[in-house]
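Everything on this sheet refers to the single structure shown next.
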Amino acid sequence: MKNISLAIFVSVFTIATVAQTPTSAPVSANTGVPTTATTVSRTTKAVHYRLQGGQTKVEFRGTDLLQRASGEARVEGKKTNFEIDAKFQGLEDATKFGLEFLTYVAWAVSPQGRPVNLGELSLDHSGNAHVKAYTDLQTFGMIVTAEPYFAVTQPGNMVVMESAAVNGTGGEIIDARYELVTRGTYSSTNTHIQDAIFGIDSKTPLELFEARNAVRIAHIAAADKYAASILSKAGQQLLHAEEIYRQKQNKAAVGAAAKEATETAEEARLMAVKQKAEDEAQAAAAAREAKARADAEAEAKRRADAEAARAQAEQARVQAEAARAQAQQAQAEAEKMKQEAQAAAAEAGRQREAAEKAKAEAVAQQQVLAAETDKARAAAAQSDSLRAQAEREKQELRARLLQQLNSILATRDSARGLVANMSDVLFRSGSFELLPGARERLAKVSGIVLAYPSLHVAIEGHTDSVGSDQYNQDLSEHRAQSVRDYFVQQGISSSAIEARGFGKNEPIASNDTAEGRQQNRRVELVLSGDAIGGMIDEGPAQTASAQNK
């Protein structure tokens, strides 16, 4: 029965694509991702939290869609971000809102309306769920929506819970208005597709259902036209997940393969929606330009006929009027150019003021950190006991920094410093372009580095042995340079960062196996500096796998 369902699922995508492609629109100013024309707005309450400001408990209440649902979140301000630990009760299966809905996703929403996906809520048999996440937003509200799969980038309008009462150290409460994808964007009128996606096997993992749903939705968004290669890759990944499930391999392997297919399908959908919006915008602009040309030609002809008629009666007056009209037109154009120049100057002034303000804030932060460092050094110089205490503090700081980095990337302690490992899955295959997931993690790392100005970051690119020496050397250098450029964009001083490529010369595993080559394809971030001292003495270096976080 599973093989039959899979065959039906693969064969009917062409039919669904013809009938279900939605109308696209420009990129959202709040989310930075393509949106459809079918969006609605909603308002929730956002709370301003304080870094290192203790814990704040936030209650969740069910909306009219799920009145019996409730929950509570604990928001704790860390040094550079906020930890959210939320528990929910009274949830029902998401398919009650429509067969296209398979799961629930928690969101943080900024006052500017930017939503951040906090993660998927996995229900137990009692309708309870738990999610733990981190966010760099300092002011945000929280909602829970029913979604077709976990990797969505903009919340749908099936809002089942919202944050309500606040108890703790939270600050000012602000209204946050945000956009929702309306119902119907992910639905399909083709019953065969729905049957193939949801099937009749109740033991099928939810991750596999979500992957099937994500690929279906990418087809509906016309990804086979605008992002064919990415959609083809998602289809192959889904077939791989289906094969693993058919072979009755362990659940973790099936879930990992299915999630990879889901994320690739979402990437294809976003690219398709964006490209279609750009095509439609270009077509509309071309139509407007053609109409403008036709109108101009018609107007020119009308004016020419009128001028000819007037010239027959009073040629001298026509010439004078024409000269005056030309002078007025030139004056108008000059005035227009003057206004544009003034506007450009004003905009340049605003940008300069913003840059100066940002620079002043950065200098102020550096001065504060420098003052704290000076105090620590002065205290350490008072006695041998204080110097020992300072060394212990360095070790503690190094341990905290290692723990913070491990929450983002797999990090180990070494004599060179703290070494964070970025695997090649954070780059496009054979490319040095950073994927969105890589940018998100590097943004978090840059936030940590900015908190410790004395740190030095060495970025080292490595490859496997496949390809020529020159190709591997160039690829490793470009990847290291891409990471360095991104850190500089985030505000880290260029003098504190260096980037080098080692090609295939420093493998950490055998290049004779696919697993070994994958380990060798990496970019390592080596953080060092006097502020964090030498290696941690107690026990072996701490490491953790943060690539999937």
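Chain labels run A, B, ... following the order of the structure tokens; each chain numbers its residues from 1, and ligands are numbered from 1 in the order shown.
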- Task: Once DSSP has gone over the backbone, tell me which residues of range 29-276 of chain A are in strand (DSSP E or B), as a ChimeraX atom specification.
- Result: /A:34-36,39-48,55-62,70-77,82-89,103-109,115-121,129-135,139-147,156,159-168,173-181
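By only C-alpha atoms, and with residues fewer than 3 positions from His130 in chain A along its chain excluded, the set lying at most 8 Å from it is Asp85, Ala86, Lys87, Phe88, Leu121 and Ser122 of chain A.
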- range 523-536 of chain A environment, 8 Å, only C-alpha atoms, sequence neighbours closer than 6 positions dropped, as a PyMOL selection string: chain A and resi 391+394-395+397-399+413-424+452+454-462+476+479-480
Would you save the residues of that selection, restricted to C-alpha atoms, as an mmCIF file, in the first residue's frame?
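Output file part.cif is given in full below:
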```cif
data_model
loop_
_atom_site.group_PDB
_atom_site.id
_atom_site.type_symbol
_atom_site.label_atom_id
_atom_site.label_comp_id
_atom_site.auth_asym_id
_atom_site.auth_seq_id
_atom_site.Cartn_x
_atom_site.Cartn_y
_atom_site.Cartn_z
ATOM 1 C CA GLU A 391 42.974 33.810 35.524
ATOM 2 C CA LYS A 394 39.342 34.091 32.101
ATOM 3 C CA GLN A 395 38.763 30.363 32.314
ATOM 4 C CA LEU A 397 34.709 33.447 30.421
ATOM 5 C CA ARG A 398 36.304 30.970 28.027
ATOM 6 C CA ALA A 399 33.945 28.241 29.252
ATOM 7 C CA ASP A 413 38.716 24.091 22.958
ATOM 8 C CA SER A 414 42.294 23.963 21.691
ATOM 9 C CA ALA A 415 45.671 25.525 22.391
ATOM 10 C CA ARG A 416 45.048 27.890 19.444
ATOM 11 C CA GLY A 417 41.741 29.080 20.915
ATOM 12 C CA LEU A 418 38.062 28.134 20.608
ATOM 13 C CA VAL A 419 37.540 26.437 17.240
ATOM 14 C CA ALA A 420 33.967 26.586 15.823
ATOM 15 C CA ASN A 421 33.343 24.318 12.841
ATOM 16 C CA MET A 422 31.059 25.292 9.928
ATOM 17 C CA SER A 423 30.369 22.285 7.718
ATOM 18 C CA ASP A 424 29.965 22.617 3.931
ATOM 19 C CA TYR A 452 34.182 40.737 23.576
ATOM 20 C CA SER A 454 39.563 42.001 22.417
ATOM 21 C CA LEU A 455 38.853 38.712 20.666
ATOM 22 C CA HIS A 456 40.691 37.865 17.471
ATOM 23 C CA VAL A 457 38.959 35.689 14.868
ATOM 24 C CA ALA A 458 40.920 33.579 12.401
ATOM 25 C CA ILE A 459 38.744 32.152 9.609
ATOM 26 C CA GLU A 460 40.232 29.055 7.972
ATOM 27 C CA GLY A 461 38.763 27.356 4.903
ATOM 28 C CA HIS A 462 39.371 23.671 4.129
ATOM 29 C CA SER A 476 38.779 27.381 0.578
ATOM 30 C CA ARG A 479 34.663 30.524 1.590
ATOM 31 C CA ALA A 480 36.854 31.935 4.328
#
```
Kindly assemble as a tab-separated table a list of the range 353-446 of chain A residues that lie within 12 Å of range 131-134 of chain A, each paired with its nearest atom pair and their distance in Å to one decimal, using only C-alpha atoms, sorted first by chain and then by ascending residue number.
```
residue	atom	partner	partner_atom	distance
A:Gln404	CA	A:Tyr134	CA	11.4
A:Ser407	CA	A:Tyr134	CA	9.6
A:Ile408	CA	A:Tyr134	CA	10.3
A:Glu440	CA	A:Tyr134	CA	11.9
A:Arg441	CA	A:Tyr134	CA	11.7
A:Lys444	CA	A:Tyr134	CA	10.2
```
Output all heavy atoms for every residue in that selection, as a short mmCIF file (atom, residue, chain, number, x, y, z; two decimals), in the first residue's frame.
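Everything below was put into part.cif:
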```cif
data_model
loop_
_atom_site.label_atom_id
_atom_site.label_comp_id
_atom_site.auth_asym_id
_atom_site.auth_seq_id
_atom_site.Cartn_x
_atom_site.Cartn_y
_atom_site.Cartn_z
N GLN A 404 28.35 29.21 24.67
CA GLN A 404 27.54 30.04 23.77
C GLN A 404 27.77 29.64 22.31
O GLN A 404 26.82 29.49 21.54
CB GLN A 404 27.88 31.51 23.96
CG GLN A 404 27.41 32.09 25.30
CD GLN A 404 27.88 33.52 25.49
OE1 GLN A 404 28.76 34.00 24.78
NE2 GLN A 404 27.31 34.21 26.45
N SER A 407 26.11 26.43 21.23
CA SER A 407 24.67 26.49 20.96
C SER A 407 24.39 26.88 19.51
O SER A 407 23.25 26.80 19.06
CB SER A 407 24.01 27.50 21.90
OG SER A 407 24.41 28.81 21.58
N ILE A 408 25.44 27.32 18.79
CA ILE A 408 25.28 27.76 17.39
C ILE A 408 26.01 26.82 16.44
O ILE A 408 25.45 26.36 15.45
CB ILE A 408 25.80 29.20 17.22
CG1 ILE A 408 25.10 30.14 18.23
CG2 ILE A 408 25.58 29.68 15.81
CD1 ILE A 408 25.74 31.51 18.32
N GLU A 440 22.31 33.13 9.42
CA GLU A 440 21.66 33.24 10.74
C GLU A 440 22.63 32.87 11.85
O GLU A 440 22.75 33.56 12.86
CB GLU A 440 20.43 32.34 10.77
CG GLU A 440 19.71 32.35 12.12
CD GLU A 440 18.52 31.42 12.12
OE1 GLU A 440 18.19 30.88 11.07
OE2 GLU A 440 17.94 31.24 13.20
N ARG A 441 23.38 31.76 11.64
CA ARG A 441 24.31 31.33 12.68
C ARG A 441 25.48 32.29 12.82
O ARG A 441 25.92 32.61 13.93
CB ARG A 441 24.81 29.91 12.37
CG ARG A 441 23.67 28.90 12.46
CD ARG A 441 24.14 27.50 12.13
NE ARG A 441 23.00 26.58 11.99
CZ ARG A 441 23.11 25.32 11.69
NH1 ARG A 441 24.30 24.78 11.52
NH2 ARG A 441 22.03 24.55 11.57
N LYS A 444 24.55 35.26 14.84
CA LYS A 444 24.60 34.99 16.28
C LYS A 444 26.04 34.99 16.78
O LYS A 444 26.35 35.53 17.85
CB LYS A 444 23.93 33.66 16.58
CG LYS A 444 22.43 33.64 16.29
CD LYS A 444 21.83 32.28 16.59
CE LYS A 444 20.33 32.27 16.29
NZ LYS A 444 19.71 30.94 16.55
#
```
- Could you pull out the residues in range 310-530 of chain A that DSSP calls helix (DSSP H, G or I) from the backbone, as a ChimeraX atom specification? /A:310-380,384-406,424-426,436-450,469-489,494-496,514-520,530
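Proximity to Ser229 in chain A at 12 Å, evaluated using only C-alpha atoms and with sequence-adjacent residues fewer than 5 positions away removed, yields Ala223, Asp224, Ala234, Gly235, Gln236, Thr264, Ala265, Glu267, Ala268, Arg269, Met271 and Ala272 of chain A.
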File dump, residues just selected, C-alpha atoms, as a PDB file, in the first residue's frame:
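Final output, result.pdb:
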```
ATOM      1  CA  ALA A 223       8.477  26.102  -8.590  1.00  0.00           C
ATOM      2  CA  ASP A 224       8.727  23.627 -11.492  1.00  0.00           C
ATOM      3  CA  ALA A 234      13.549  18.360  -3.165  1.00  0.00           C
ATOM      4  CA  GLY A 235      11.709  15.641  -5.080  1.00  0.00           C
ATOM      5  CA  GLN A 236      14.780  13.414  -5.048  1.00  0.00           C
ATOM      6  CA  THR A 264      14.656  22.328   0.116  1.00  0.00           C
ATOM      7  CA  ALA A 265      11.020  22.477  -1.036  1.00  0.00           C
ATOM      8  CA  GLU A 267      13.555  27.186  -0.649  1.00  0.00           C
ATOM      9  CA  ALA A 268      12.128  26.310  -4.081  1.00  0.00           C
ATOM     10  CA  ARG A 269       8.733  27.821  -3.177  1.00  0.00           C
ATOM     11  CA  MET A 271      12.422  31.408  -5.098  1.00  0.00           C
ATOM     12  CA  ALA A 272       9.421  30.666  -7.336  1.00  0.00           C
TER      13      ALA A 272
END
```
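Remark: for Glu100 in chain A, the closest of the candidate residues A:Lys301, A:Lys274, A:Arg387, A:Arg216 is A:Arg216 (distances computed over only C-alpha atoms).
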Please report as CSV every residue of range 226-286 of chain A lying within 10 Å of range 138-150 of chain A, along with the nearest atom pair and their distance in Å (one decimal), using only C-alpha atoms.
```
residue,atom,partner,partner_atom,distance
A:Lys259,CA,A:Phe150,CA,8.5
A:Thr262,CA,A:Tyr149,CA,7.5
A:Glu263,CA,A:Phe150,CA,8.6
A:Glu266,CA,A:Tyr149,CA,9.2
```
Could you save the residues just selected, with C-alpha atoms, as an mmCIF file, in the first residue's frame?
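So result23.cif came out as:
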```cif
data_model
loop_
_atom_site.group_PDB
_atom_site.id
_atom_site.type_symbol
_atom_site.label_atom_id
_atom_site.label_comp_id
_atom_site.auth_asym_id
_atom_site.auth_seq_id
_atom_site.Cartn_x
_atom_site.Cartn_y
_atom_site.Cartn_z
ATOM 1 C CA LYS A 259 13.179 17.481 7.053
ATOM 2 C CA THR A 262 10.954 19.984 3.468
ATOM 3 C CA GLU A 263 13.592 22.722 3.765
ATOM 4 C CA GLU A 266 10.450 25.678 0.975
#
```
- Which residue out of A:Lys276, A:Arg42, A:Lys203, A:Lys359 has the minimum interatomic distance to Leu180 in chain A when only C-alpha atoms are used? A:Arg42
